[in-house]
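A.B. asks: final-v3.txt is the file, holding compact mmCIF, C-alpha atoms and all ligand atoms:
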```
# COMPACT_ATOMS: atom_id res chain seq x y z
CA MET A 566 -146.91 112.14 113.03
CA GLY A 567 -146.79 110.32 109.68
CA LYS A 568 -149.51 109.62 107.18
CA MET A 569 -151.11 106.34 106.11
CA LYS A 570 -153.41 105.03 103.40
CA ALA A 571 -156.82 103.80 104.59
CA VAL A 572 -160.08 102.59 103.05
CA VAL A 573 -162.74 104.72 104.68
CA LYS A 574 -166.51 104.43 104.76
CA ALA A 575 -167.02 108.17 104.49
CA THR A 576 -170.71 108.70 103.85
CA ALA A 577 -174.03 106.90 104.30
CA GLU A 578 -174.18 105.54 100.76
CA PRO A 579 -172.71 102.55 98.90
CA GLY A 580 -168.93 102.41 98.40
CA ALA A 581 -165.84 103.59 100.23
CA VAL A 582 -162.91 105.92 99.54
CA LEU A 583 -159.14 105.63 99.81
CA GLN A 584 -157.84 108.39 102.06
CA ASN A 585 -154.50 109.65 103.26
CA MET A 586 -154.84 110.19 106.98
CA ASP A 587 -152.78 110.66 110.13
CA ILE A 588 -151.34 107.50 111.67
CA PRO A 589 -153.33 107.18 114.93
CA GLU A 590 -151.74 107.21 118.39
CA PRO A 591 -152.43 104.28 120.75
CA GLY A 592 -154.32 105.28 123.89
CA PRO A 593 -154.09 103.57 127.30
CA LYS A 594 -154.15 99.76 126.99
CA GLU A 595 -154.01 100.00 123.18
CA VAL A 596 -151.40 99.06 120.60
CA LEU A 597 -150.57 100.49 117.19
CA VAL A 598 -150.15 97.68 114.65
CA LYS A 599 -148.50 97.95 111.24
CA VAL A 600 -150.99 95.99 109.13
CA LYS A 601 -149.25 93.33 107.04
CA ALA A 602 -152.34 91.63 105.59
CA THR A 603 -156.06 92.21 105.92
CA ALA A 604 -158.99 90.19 104.59
CA ILE A 605 -162.40 91.18 103.27
CA CYS A 606 -165.33 89.51 105.06
CA GLY A 607 -169.06 89.38 104.26
CA THR A 608 -169.61 91.91 107.05
CA ASP A 609 -167.39 94.38 105.19
CA VAL A 610 -169.43 93.81 102.04
CA HIS A 611 -172.60 94.72 104.01
CA ILE A 612 -170.94 97.91 105.28
CA TYR A 613 -169.59 98.71 101.80
CA GLU A 614 -173.06 98.31 100.28
CA TRP A 615 -174.56 100.17 103.27
CA ASN A 616 -177.48 97.78 103.65
CA GLU A 617 -180.08 97.85 106.42
CA TRP A 618 -177.93 95.80 108.82
CA ALA A 619 -174.93 98.11 108.33
CA GLN A 620 -177.01 101.24 108.87
CA LYS A 621 -178.03 99.91 112.28
CA ALA A 622 -174.68 98.39 113.27
CA VAL A 623 -172.22 101.17 112.38
CA ARG A 624 -172.35 103.91 114.99
CA ALA A 625 -170.51 106.82 113.37
CA LEU A 626 -169.04 107.83 110.02
CA PRO A 627 -166.44 108.36 108.70
CA GLN A 628 -164.82 105.10 109.80
CA VAL A 629 -161.87 103.00 108.59
CA MET A 630 -163.30 99.70 107.30
CA GLY A 631 -162.10 96.14 107.93
CA HIS A 632 -161.67 93.80 110.89
CA GLU A 633 -159.68 90.72 109.83
CA PHE A 634 -155.92 91.30 109.90
CA SER A 635 -152.43 90.47 111.04
CA GLY A 636 -149.48 92.73 111.58
CA GLU A 637 -146.59 93.89 113.68
CA VAL A 638 -146.89 95.92 116.89
CA VAL A 639 -145.01 99.20 116.36
CA LYS A 640 -146.04 101.22 119.40
CA THR A 641 -147.77 100.55 122.71
CA GLY A 642 -149.98 102.89 124.74
CA SER A 643 -149.68 103.49 128.47
CA GLY A 644 -150.33 100.51 130.71
CA VAL A 645 -149.66 97.89 128.00
CA GLU A 646 -147.60 95.16 129.62
CA SER A 647 -148.06 92.03 127.52
CA LEU A 648 -146.98 93.29 124.08
CA PHE A 649 -143.89 94.96 122.68
CA PRO A 650 -142.85 96.57 119.39
CA GLY A 651 -141.90 93.83 116.93
CA ASP A 652 -144.49 91.34 118.18
CA ARG A 653 -146.43 89.58 115.41
CA VAL A 654 -150.16 89.65 116.12
CA SER A 655 -153.54 88.72 114.69
CA GLY A 656 -156.66 90.73 115.54
CA GLU A 657 -159.54 89.42 117.64
CA THR A 658 -162.58 91.54 116.77
CA HIS A 659 -164.61 91.03 119.95
CA ALA A 660 -163.41 93.71 122.36
CA PRO A 661 -164.83 92.78 125.79
CA CYS A 662 -165.73 95.30 128.53
CA GLY A 663 -164.17 93.22 131.32
CA LYS A 664 -167.00 94.16 133.70
CA CYS A 665 -170.23 92.42 132.65
CA TYR A 666 -171.56 89.05 133.84
CA GLN A 667 -170.13 87.15 130.83
CA CYS A 668 -166.72 88.81 131.14
CA LYS A 669 -166.59 87.87 134.81
CA ASN A 670 -167.68 84.29 134.14
CA GLY A 671 -165.27 83.05 131.48
CA GLU A 672 -167.30 84.08 128.42
CA GLN A 673 -165.78 87.37 127.42
CA HIS A 674 -166.13 86.47 123.72
CA ILE A 675 -169.88 87.11 124.13
CA CYS A 676 -169.51 90.16 126.40
CA ALA A 677 -172.80 92.00 126.90
CA ASN A 678 -171.19 95.33 125.99
CA MET A 679 -168.90 94.05 123.26
CA ILE A 680 -167.28 96.54 120.90
CA LEU A 681 -166.82 95.04 117.43
CA PHE A 682 -163.53 96.16 115.91
CA GLY A 683 -164.08 97.61 112.41
CA VAL A 684 -167.86 97.83 112.94
CA HIS A 685 -168.21 100.01 116.05
CA CYS A 686 -164.83 101.73 115.69
CA ASN A 687 -162.04 102.26 113.14
CA GLY A 688 -160.78 99.03 111.57
CA CYS A 689 -157.79 97.71 109.64
CA PHE A 690 -158.17 98.37 105.89
CA ALA A 691 -155.20 100.68 106.38
CA GLN A 692 -151.44 100.67 106.78
CA TYR A 693 -151.79 100.98 110.56
CA ALA A 694 -154.54 100.12 113.04
CA ILE A 695 -155.23 100.65 116.73
CA LEU A 696 -156.30 97.59 118.71
CA PRO A 697 -157.06 97.07 122.41
CA GLU A 698 -154.19 95.15 124.00
CA ILE A 699 -156.50 92.25 124.87
CA CYS A 700 -157.50 91.82 121.20
CA ALA A 701 -153.96 91.67 119.82
CA ARG A 702 -153.15 87.98 119.91
CA ARG A 703 -149.45 87.17 119.53
CA ILE A 704 -148.89 84.58 116.76
CA PRO A 705 -145.87 82.39 116.03
CA GLU A 706 -143.38 82.88 113.18
CA GLU A 707 -144.69 79.79 111.38
CA ILE A 708 -147.95 81.53 110.53
CA PRO A 709 -147.53 83.69 107.41
CA TRP A 710 -149.16 87.14 107.39
CA GLU A 711 -151.94 86.25 104.95
CA PHE A 712 -153.04 83.26 107.03
CA GLY A 713 -152.67 85.35 110.18
CA ALA A 714 -155.24 87.71 108.67
CA MET A 715 -157.68 84.80 108.31
CA MET A 716 -157.55 83.61 111.92
CA GLU A 717 -160.55 85.60 113.05
CA PRO A 718 -163.02 83.91 110.67
CA LEU A 719 -161.15 80.61 110.84
CA GLY A 720 -161.59 80.54 114.61
CA THR A 721 -165.36 80.23 114.24
CA SER A 722 -164.79 77.30 111.88
CA VAL A 723 -162.34 75.53 114.19
CA ARG A 724 -164.65 76.03 117.14
CA ALA A 725 -167.64 74.62 115.28
CA ALA A 726 -165.61 71.56 114.30
CA GLN A 727 -164.61 71.09 117.96
CA GLU A 728 -168.20 71.47 119.15
CA VAL A 729 -169.55 68.62 117.03
CA VAL A 730 -166.89 66.11 118.18
CA CYS A 731 -166.09 64.88 114.72
CA SER A 732 -163.47 62.12 114.98
CA GLY A 733 -164.67 59.07 113.05
CA SER A 734 -168.08 60.55 112.36
CA ASN A 735 -170.22 61.67 109.44
CA VAL A 736 -170.45 65.45 109.29
CA ALA A 737 -172.27 67.73 106.86
CA VAL A 738 -171.12 71.27 106.21
CA ILE A 739 -173.73 73.58 104.73
CA GLY A 740 -172.21 76.46 102.78
CA CYS A 741 -168.65 76.58 101.45
CA GLY A 742 -167.68 80.22 101.84
CA PRO A 743 -164.49 81.01 103.76
CA ILE A 744 -166.16 79.91 107.01
CA GLY A 745 -167.52 76.60 105.70
CA LEU A 746 -164.24 75.81 103.95
CA GLY A 747 -162.38 76.50 107.19
CA VAL A 748 -164.72 73.98 108.82
CA VAL A 749 -163.90 71.41 106.12
CA THR A 750 -160.15 71.63 106.61
CA ALA A 751 -160.56 71.57 110.40
CA LEU A 752 -162.82 68.49 110.22
CA LYS A 753 -160.33 66.73 107.96
CA THR A 754 -157.51 67.37 110.43
CA MET A 755 -159.63 66.33 113.40
CA GLY A 756 -160.42 63.01 111.80
CA ALA A 757 -164.00 63.20 110.52
CA TYR A 758 -164.94 60.14 108.46
CA ARG A 759 -167.35 61.48 105.84
CA ILE A 760 -167.44 65.22 105.17
CA ILE A 761 -170.53 65.99 103.10
CA VAL A 762 -170.64 69.57 101.83
CA THR A 763 -173.35 71.59 100.15
CA ASP A 764 -173.23 74.85 98.22
CA VAL A 765 -174.89 76.42 95.22
CA SER A 766 -171.51 77.53 93.83
CA GLU A 767 -169.60 74.89 91.84
CA ASP A 768 -166.36 76.88 92.28
CA ARG A 769 -166.67 76.72 96.04
CA LEU A 770 -167.65 73.05 96.01
CA ALA A 771 -164.48 72.40 94.01
CA ILE A 772 -162.38 74.06 96.75
CA ALA A 773 -164.18 71.96 99.38
CA LYS A 774 -163.28 68.83 97.43
CA GLU A 775 -159.65 69.94 97.28
CA LEU A 776 -159.72 70.36 101.07
CA GLY A 777 -160.95 66.82 101.60
CA ALA A 778 -164.76 66.83 101.38
CA THR A 779 -165.89 63.28 100.59
CA SER A 780 -169.26 64.15 98.98
CA ILE A 781 -170.21 67.42 97.33
CA LEU A 782 -173.87 68.28 96.83
CA ASN A 783 -175.41 71.20 94.97
CA PRO A 784 -179.04 71.85 96.04
CA MET A 785 -179.64 73.38 92.60
CA ASN A 786 -179.39 69.98 90.98
CA CYS A 787 -180.16 67.38 93.66
CA ASP A 788 -182.42 66.72 96.64
CA VAL A 789 -179.93 67.24 99.45
CA VAL A 790 -181.95 65.48 102.16
CA SER A 791 -182.35 62.21 100.25
CA ALA A 792 -178.75 62.38 98.99
CA VAL A 793 -177.39 62.70 102.54
CA MET A 794 -179.66 59.92 103.80
CA GLU A 795 -178.40 57.66 101.02
CA ILE A 796 -174.73 58.45 101.73
CA THR A 797 -175.25 57.66 105.42
CA ASP A 798 -177.09 54.38 104.81
CA GLY A 799 -180.44 55.83 105.90
CA VAL A 800 -179.14 56.94 109.33
CA GLY A 801 -178.46 60.62 108.75
CA VAL A 802 -175.34 62.58 109.69
CA ASP A 803 -173.91 62.54 113.21
CA SER A 804 -173.72 66.30 113.01
CA PHE A 805 -174.05 69.27 110.72
CA ILE A 806 -172.54 72.71 110.77
CA ASP A 807 -174.30 75.56 109.05
CA ALA A 808 -172.07 78.17 107.45
CA SER A 809 -174.61 79.38 104.89
CA GLY A 810 -177.25 81.25 106.86
CA ASN A 811 -179.75 79.95 104.31
CA VAL A 812 -183.07 79.18 106.01
CA LYS A 813 -184.09 76.38 103.65
CA ALA A 814 -180.67 74.75 103.85
CA ILE A 815 -180.67 74.86 107.68
CA SER A 816 -184.13 73.35 107.87
CA ASP A 817 -182.97 70.58 105.51
CA GLY A 818 -180.06 70.04 107.90
CA PHE A 819 -182.44 69.20 110.73
CA LYS A 820 -184.10 66.66 108.43
CA PHE A 821 -180.89 64.82 107.56
CA LEU A 822 -179.50 64.97 111.11
CA ARG A 823 -179.59 61.57 112.79
CA LYS A 824 -181.33 61.02 116.12
CA GLY A 825 -178.98 62.07 118.90
CA GLY A 826 -176.98 64.25 116.51
CA ARG A 827 -175.26 67.58 117.05
CA VAL A 828 -175.66 70.93 115.31
CA ALA A 829 -173.37 73.96 115.28
CA LEU A 830 -174.86 77.11 113.80
CA ILE A 831 -172.55 79.85 112.50
CA GLY A 832 -174.42 81.33 109.50
CA LEU A 833 -176.69 84.31 110.16
CA PRO A 834 -180.13 83.88 108.56
CA SER A 835 -181.79 87.14 107.56
CA ARG A 836 -185.19 85.89 108.76
CA PRO A 837 -186.57 83.53 111.42
CA LEU A 838 -186.48 79.82 110.77
CA GLU A 839 -189.55 77.61 111.20
CA ILE A 840 -188.76 74.24 112.71
CA ASP A 841 -190.85 71.33 114.02
CA LEU A 842 -189.33 71.16 117.51
CA VAL A 843 -191.09 67.91 118.36
CA SER A 844 -189.76 65.74 115.56
CA GLU A 845 -186.59 67.60 114.64
CA VAL A 846 -185.19 68.61 118.01
CA ILE A 847 -186.94 67.07 121.04
CA PHE A 848 -187.58 63.49 119.95
CA LYS A 849 -184.35 63.63 117.99
CA GLU A 850 -182.46 64.81 121.08
CA ALA A 851 -180.59 67.20 118.83
CA LYS A 852 -177.85 69.11 120.61
CA ILE A 853 -177.67 72.58 119.15
CA VAL A 854 -174.98 75.15 119.77
CA GLY A 855 -174.75 78.70 118.45
CA ILE A 856 -171.29 79.98 117.68
CA HIS A 857 -170.42 83.65 117.96
CA GLY A 858 -166.76 84.15 117.34
CA ARG A 859 -163.90 82.43 119.06
CA LYS A 860 -163.51 81.44 122.71
CA MET A 861 -161.02 83.90 124.15
CA PHE A 862 -158.57 82.47 124.02
CA GLU A 863 -158.97 78.68 124.03
CA THR A 864 -159.93 78.61 120.35
CA TRP A 865 -156.95 80.77 119.43
CA THR A 866 -154.57 78.38 121.18
CA VAL A 867 -155.90 75.34 119.33
CA MET A 868 -156.00 77.19 116.00
CA GLU A 869 -152.46 78.49 116.42
CA ASN A 870 -151.17 75.03 117.19
CA LEU A 871 -152.96 73.55 114.17
CA MET A 872 -151.59 76.30 111.94
CA ALA A 873 -148.06 76.27 113.32
CA GLY A 874 -148.06 72.49 112.80
CA ASP A 875 -149.23 73.02 109.20
CA LEU A 876 -152.31 70.90 109.93
CA LEU A 877 -154.85 73.15 108.21
CA ASP A 878 -154.98 73.65 104.45
CA LEU A 879 -155.74 77.34 103.95
CA LYS A 880 -154.12 78.09 100.60
CA PRO A 881 -157.07 77.02 98.41
CA ILE A 882 -159.39 79.38 100.36
CA VAL A 883 -157.38 82.46 99.39
CA THR A 884 -158.34 83.24 95.82
CA HIS A 885 -156.95 86.80 95.56
CA VAL A 886 -154.19 88.93 97.07
CA LEU A 887 -154.57 92.57 96.00
CA PRO A 888 -152.92 95.86 96.90
CA LEU A 889 -155.06 97.91 99.33
CA GLU A 890 -155.79 100.43 96.54
CA GLN A 891 -157.71 97.70 94.69
CA TYR A 892 -160.25 97.22 97.49
CA GLY A 893 -163.03 98.14 95.02
CA LYS A 894 -162.04 95.24 92.77
CA GLY A 895 -162.03 92.94 95.82
CA PHE A 896 -165.54 93.95 96.81
CA GLU A 897 -166.81 93.55 93.24
CA LEU A 898 -165.28 90.07 92.90
CA LEU A 899 -166.99 89.03 96.14
CA LYS A 900 -170.34 90.52 95.18
CA GLN A 901 -170.20 88.67 91.86
CA GLY A 902 -169.30 85.38 93.57
CA LYS A 903 -165.98 85.26 91.70
CA ALA A 904 -163.74 85.14 94.79
CA CYS A 905 -163.58 83.31 98.10
CA LYS A 906 -161.12 84.97 100.51
CA VAL A 907 -159.70 88.25 99.25
CA ILE A 908 -156.57 89.50 101.05
CA LEU A 909 -155.55 93.14 100.81
CA ASP A 910 -151.87 94.02 101.24
CA PRO A 911 -151.44 97.65 102.38
CA TRP A 912 -147.76 97.68 101.38
CA LEU A 913 -148.00 96.07 97.95
CA GLU A 914 -147.37 98.60 95.15
CA GLU A 915 -150.13 98.77 92.56
N1 LIG B 1 -171.46 83.42 114.05
C1 LIG B 1 -170.34 84.05 113.78
O1 LIG B 1 -169.53 84.37 114.66
C2 LIG B 1 -170.03 84.37 112.35
C3 LIG B 1 -168.76 84.83 111.99
C4 LIG B 1 -168.50 85.07 110.65
C5 LIG B 1 -169.50 84.84 109.71
N2 LIG B 1 -170.73 84.42 110.10
C6 LIG B 1 -171.78 84.07 109.13
O2 LIG B 1 -171.45 82.79 108.63
C7 LIG B 1 -171.93 82.63 107.30
C8 LIG B 1 -170.81 82.20 106.40
O3 LIG B 1 -169.79 83.20 106.29
P1 LIG B 1 -168.90 83.28 104.97
O4 LIG B 1 -167.98 84.42 105.15
O5 LIG B 1 -168.34 81.96 104.63
O6 LIG B 1 -170.05 83.72 103.93
P2 LIG B 1 -170.29 83.41 102.40
O7 LIG B 1 -171.45 84.21 101.99
O8 LIG B 1 -169.01 83.58 101.64
O9 LIG B 1 -170.65 81.86 102.38
C9 LIG B 1 -171.94 81.37 102.43
C10 LIG B 1 -172.02 80.22 101.43
O10 LIG B 1 -173.29 79.61 101.54
C11 LIG B 1 -173.68 79.22 100.25
N3 LIG B 1 -175.10 78.98 100.15
C12 LIG B 1 -176.10 79.83 99.84
N4 LIG B 1 -177.28 79.19 99.78
C13 LIG B 1 -177.04 77.90 100.06
C14 LIG B 1 -177.84 76.74 100.15
N5 LIG B 1 -179.16 76.79 99.94
N6 LIG B 1 -177.25 75.57 100.46
C15 LIG B 1 -175.92 75.50 100.67
N7 LIG B 1 -175.10 76.58 100.59
C16 LIG B 1 -175.65 77.75 100.29
C17 LIG B 1 -173.20 80.39 99.39
O11 LIG B 1 -173.11 80.03 98.00
C18 LIG B 1 -171.85 80.69 99.99
O12 LIG B 1 -170.79 80.00 99.37
C19 LIG B 1 -172.57 83.98 106.96
O13 LIG B 1 -173.96 83.90 107.22
C20 LIG B 1 -171.91 84.94 107.91
O14 LIG B 1 -172.71 86.06 108.17
C21 LIG B 1 -171.00 84.18 111.40
ZN ZN B 2 -165.20 88.70 109.51
ZN ZN B 3 -168.27 92.35 129.17
```
Would it be possible to restate this file's structure as structure tokens?

C.D. replies:
Amino acid sequence: MGKMKAVVKATAEPGAVLQNMDIPEPGPKEVLVKVKATAICGTDVHIYEWNEWAQKAVRALPQVMGHEFSGEVVKTGSGVESLFPGDRVSGETHAPCGKCYQCKNGEQHICANMILFGVHCNGCFAQYAILPEICARRIPEEIPWEFGAMMEPLGTSVRAAQEVVCSGSNVAVIGCGPIGLGVVTALKTMGAYRIIVTDVSEDRLAIAKELGATSILNPMNCDVVSAVMEITDGVGVDSFIDASGNVKAISDGFKFLRKGGRVALIGLPSRPLEIDLVSEVIFKEAKIVGIHGRKMFETWTVMENLMAGDLLDLKPIVTHVLPLEQYGKGFELLKQGKACKVILDPWLEE
């Protein structure tokens, strides 16, 4: 058995360590993937900092960090029939039980007993990773490794864009992190008319503009609600997608949503949101949908087709590609708001 480099959350305190460990063996219905690219997500930052959420979510330490990745299948465990060594795959992080009500009724992406890859078990900030067969999604040659590593977060963006039915309509995107920016490029491709984006970071607003946003608004220096109403001739947007998780920004969204409009919520607010249901939902006939991950696997199919057809602009979202050893730098850049998507390459020499 060979050895591999891995970024490990070793102890219940902030930070992580780079370790040399045994390459794991795939068990029944599992595959061993040689990780070609892996991406740092906000969830990883929470685990790295070991905040309250992470302390509750992570079940056991030490644990290999990371959940967004692409790579090549190198070995399959017993009973694996759909994948073979050499297959290019991207990781789906929602590992379904296959037995619960949701799993049996076409909603395995929100399985009641879901195991989250890289949160509840070892992840992919390593040279190799073990994935359940069902979560290793084969991807076409046209998708480069670094974009393959972004498909997990991008899938929530693509799905949100699909949910609001955007062709020819006015859509607002709240928050321009990797998720919101993925929404912007998806909306552009799907034919949205106006794409109004908000963020408090000018750097991120600039990326949104590059991806095709038609109006960029910074709540630090304008009243977002009146600005959106003005842009939409007093009507309000046909839909908004929240990718900020900011309570004030979401409640503003319900104010600038037009009557009969649609809402897709992706961002995770850290506290409950107060909303006037009568005026902002019921009389408005707002249609609200929560998004948790990607439909398995309808969203993947659409996303793959869009990516293979070069219909999504992902390059501007990737601000850094670093060797795995520089994970600490990646986390610091993200914490300081100096990066958007940071990709770690486990095979790049320092
Ligand atoms: N539902 C899901 O399946 C799912 C999946 C992945 C991420 N998420 C959540 O989606 C959200 C976005 O993820 P991300 O990785 O892009 O995170 P991120 O933190 O990089 O992006 C959030 C963005 O919102 C901006 N923001 C903060 N306050 C704002 C305000 N008042 N108005 C407008 N923008 C504001 C931030 O500047 C930042 O650019 C997070 O809350 C994350 O936890 C949900
Ligand atoms: Zn993620
Ligand atoms: Zn289930």

A.B. asks: Quick one, how far is CA of Asp807 in chain A from CA of Thr864 in chain A?

C.D. replies: 18.5 Å

A.B. asks: Pick out the closest residue to Leu830 in chain A from this set: A:Arg724, A:Lys880, A:Lys900, A:Lys894. Count only C-alpha atoms.

C.D. replies: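 Under the stated criterion, the closest residue is A:Arg724.
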
A.B. asks: Using only C-alpha atoms, can you list as a PyMOL selection string the residues within 12 Å of (-154.4, 98.0, 92.6)?

C.D. replies: chain A and resi 583+885-895+909-915

A.B. asks: Neighbours of Asp798 in chain A within 12 Å (all atoms listed in the file; same-chain residues fewer than 4 positions away dropped), as a ChimeraX atom specification?

C.D. replies: /A:735,791-794,802,821,823

A.B. asks: Mind listing the residues within 7 Å of ligand ZN 3 (chain B), all atoms listed in the file counted, as a PDB file with C-alpha atoms, in the coordinates of the input?

C.D. replies:
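New file selection-v8.pdb:
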```
ATOM      1  CA  PRO A 661    -164.830  92.780 125.790  1.00  0.00           C
ATOM      2  CA  CYS A 662    -165.730  95.300 128.530  1.00  0.00           C
ATOM      3  CA  GLY A 663    -164.170  93.220 131.320  1.00  0.00           C
ATOM      4  CA  LYS A 664    -167.000  94.160 133.700  1.00  0.00           C
ATOM      5  CA  CYS A 665    -170.230  92.420 132.650  1.00  0.00           C
ATOM      6  CA  TYR A 666    -171.560  89.050 133.840  1.00  0.00           C
ATOM      7  CA  GLN A 667    -170.130  87.150 130.830  1.00  0.00           C
ATOM      8  CA  CYS A 668    -166.720  88.810 131.140  1.00  0.00           C
ATOM      9  CA  GLN A 673    -165.780  87.370 127.420  1.00  0.00           C
ATOM     10  CA  CYS A 676    -169.510  90.160 126.400  1.00  0.00           C
ATOM     11  CA  ALA A 677    -172.800  92.000 126.900  1.00  0.00           C
ATOM     12  CA  ASN A 678    -171.190  95.330 125.990  1.00  0.00           C
ATOM     13  CA  MET A 679    -168.900  94.050 123.260  1.00  0.00           C
TER      14      MET A 679
END
```

A.B. asks: Would you kindly return, as a PyMOL selection string, each protein, DNA or RNA residue with an atom no farther than 10 Å from any atom of Pro743 in chain A, considering all atoms listed in the file and excluding same-chain residues fewer than 4 positions away?

C.D. replies: chain A and resi 606-607+715+718-719+722+747-749+769+808+879+881-883+904-907

A.B. asks: Distance CA of Ile781 in chain A-atom O10 of ligand LIG 1 (chain B), one decimal place?

C.D. replies: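 Computing the Euclidean distance for CA of Ile781 in chain A and atom O10 of ligand LIG 1 (chain B) yields 13.3 Å.
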
A.B. asks: Quick check, in Å to one decimal: how far apart do atom O2 of ligand LIG 1 (chain B) and CA of Ile831 in chain A lie?

C.D. replies: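 Computed distance, atom O2 of ligand LIG 1 (chain B) to CA of Ile831 in chain A, equals 5.0 Å.
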
A.B. asks: In the coordinate frame of the file, compute which residues have an atom within 9 Å of (-148.7, 105.9, 120.7) when using all atoms listed in the file, and state them as a list in words.

C.D. replies: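 The requested residues, written out, are Pro589, Glu590, Pro591, Gly592, Pro593, Glu595, Val596, Leu597, Val639, Lys640, Thr641, Gly642 and Ser643 of chain A.
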
A.B. asks: Given the choices A:Thr721, A:Thr779, A:Gln901, A:Thr754, which gets closest to ligand LIG 1 (chain B) if the distance is worked out from only C-alpha atoms and all ligand atoms?

C.D. replies: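 Looking only at the distances to ligand LIG 1 (chain B), the closest residue turns out to be A:Thr721.
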
A.B. asks: Find the residue from A:Val790, A:Ala577, A:Val800, A:Met566 that sits nearest to ligand LIG 1 (chain B); use all atoms listed in the file when measuring.

C.D. replies: A:Val790

A.B. asks: Between A:Ser732, A:Asn687, A:Ser647, A:Gln727, which one has atoms that come closest to His632 in chain A, using all atoms listed in the file?

C.D. replies: A:Asn687

A.B. asks: Would you mind listing, for every residue of chain A within 12 Å of ligand ZN 2 (chain B), the two atoms forming the shortest contact and the distance between them in Å to one decimal, using all atoms listed in the file, sorted by chain and ascending residue number, as a Markdown table?

C.D. replies:
```
| residue | atom | partner | partner_atom | distance |
| --- | --- | --- | --- | --- |
| A:Thr603 | CA | B:ZN2 | ZN | 10.4 |
| A:Ala604 | CA | B:ZN2 | ZN | 8.1 |
| A:Ile605 | CA | B:ZN2 | ZN | 7.3 |
| A:Cys606 | CA | B:ZN2 | ZN | 4.5 |
| A:Gly607 | CA | B:ZN2 | ZN | 6.6 |
| A:Thr608 | CA | B:ZN2 | ZN | 6.0 |
| A:Asp609 | CA | B:ZN2 | ZN | 7.5 |
| A:Val610 | CA | B:ZN2 | ZN | 10.0 |
| A:His611 | CA | B:ZN2 | ZN | 11.0 |
| A:Ile612 | CA | B:ZN2 | ZN | 11.6 |
| A:Met630 | CA | B:ZN2 | ZN | 11.4 |
| A:Gly631 | CA | B:ZN2 | ZN | 8.2 |
| A:His632 | CA | B:ZN2 | ZN | 6.4 |
| A:Glu633 | CA | B:ZN2 | ZN | 5.9 |
| A:Phe634 | CA | B:ZN2 | ZN | 9.6 |
| A:Gly656 | CA | B:ZN2 | ZN | 10.6 |
| A:Glu657 | CA | B:ZN2 | ZN | 9.9 |
| A:Thr658 | CA | B:ZN2 | ZN | 8.2 |
| A:His659 | CA | B:ZN2 | ZN | 10.7 |
| A:Leu681 | CA | B:ZN2 | ZN | 10.3 |
| A:Phe682 | CA | B:ZN2 | ZN | 10.0 |
| A:Gly683 | CA | B:ZN2 | ZN | 9.4 |
| A:Val684 | CA | B:ZN2 | ZN | 10.1 |
| A:Gly688 | CA | B:ZN2 | ZN | 11.4 |
| A:Cys689 | CA | B:ZN2 | ZN | 11.7 |
| A:Ala714 | CA | B:ZN2 | ZN | 10.0 |
| A:Met715 | CA | B:ZN2 | ZN | 8.6 |
| A:Met716 | CA | B:ZN2 | ZN | 9.5 |
| A:Glu717 | CA | B:ZN2 | ZN | 6.6 |
| A:Pro718 | CA | B:ZN2 | ZN | 5.4 |
| A:Leu719 | CA | B:ZN2 | ZN | 9.1 |
| A:Gly720 | CA | B:ZN2 | ZN | 10.3 |
| A:Thr721 | CA | B:ZN2 | ZN | 9.7 |
| A:Ser722 | CA | B:ZN2 | ZN | 11.7 |
| A:Gly742 | CA | B:ZN2 | ZN | 11.7 |
| A:Pro743 | CA | B:ZN2 | ZN | 9.6 |
| A:Ile744 | CA | B:ZN2 | ZN | 9.2 |
| A:Ile831 | CA | B:ZN2 | ZN | 11.9 |
| A:Gly832 | CA | B:ZN2 | ZN | 11.8 |
| A:His857 | CA | B:ZN2 | ZN | 11.1 |
| A:Gly858 | CA | B:ZN2 | ZN | 9.2 |
| A:Arg859 | CA | B:ZN2 | ZN | 11.5 |
| A:Lys906 | CA | B:ZN2 | ZN | 10.6 |
| A:Val907 | CA | B:ZN2 | ZN | 11.6 |
```

A.B. asks: Got a sec: who's within 9 Å of Asp652 in chain A, counting all atoms listed in the file, leaving out chain neighbours fewer than 4 positions off, as a compact mmCIF listing (two decimals) with C-alpha atoms, keeping the file's coordinate frame?

C.D. replies:
```
# COMPACT_ATOMS: atom_id res chain seq x y z
CA GLY A 636 -149.48 92.73 111.58
CA GLU A 637 -146.59 93.89 113.68
CA VAL A 638 -146.89 95.92 116.89
CA VAL A 639 -145.01 99.20 116.36
CA LEU A 648 -146.98 93.29 124.08
CA ARG A 703 -149.45 87.17 119.53
CA ILE A 704 -148.89 84.58 116.76
```
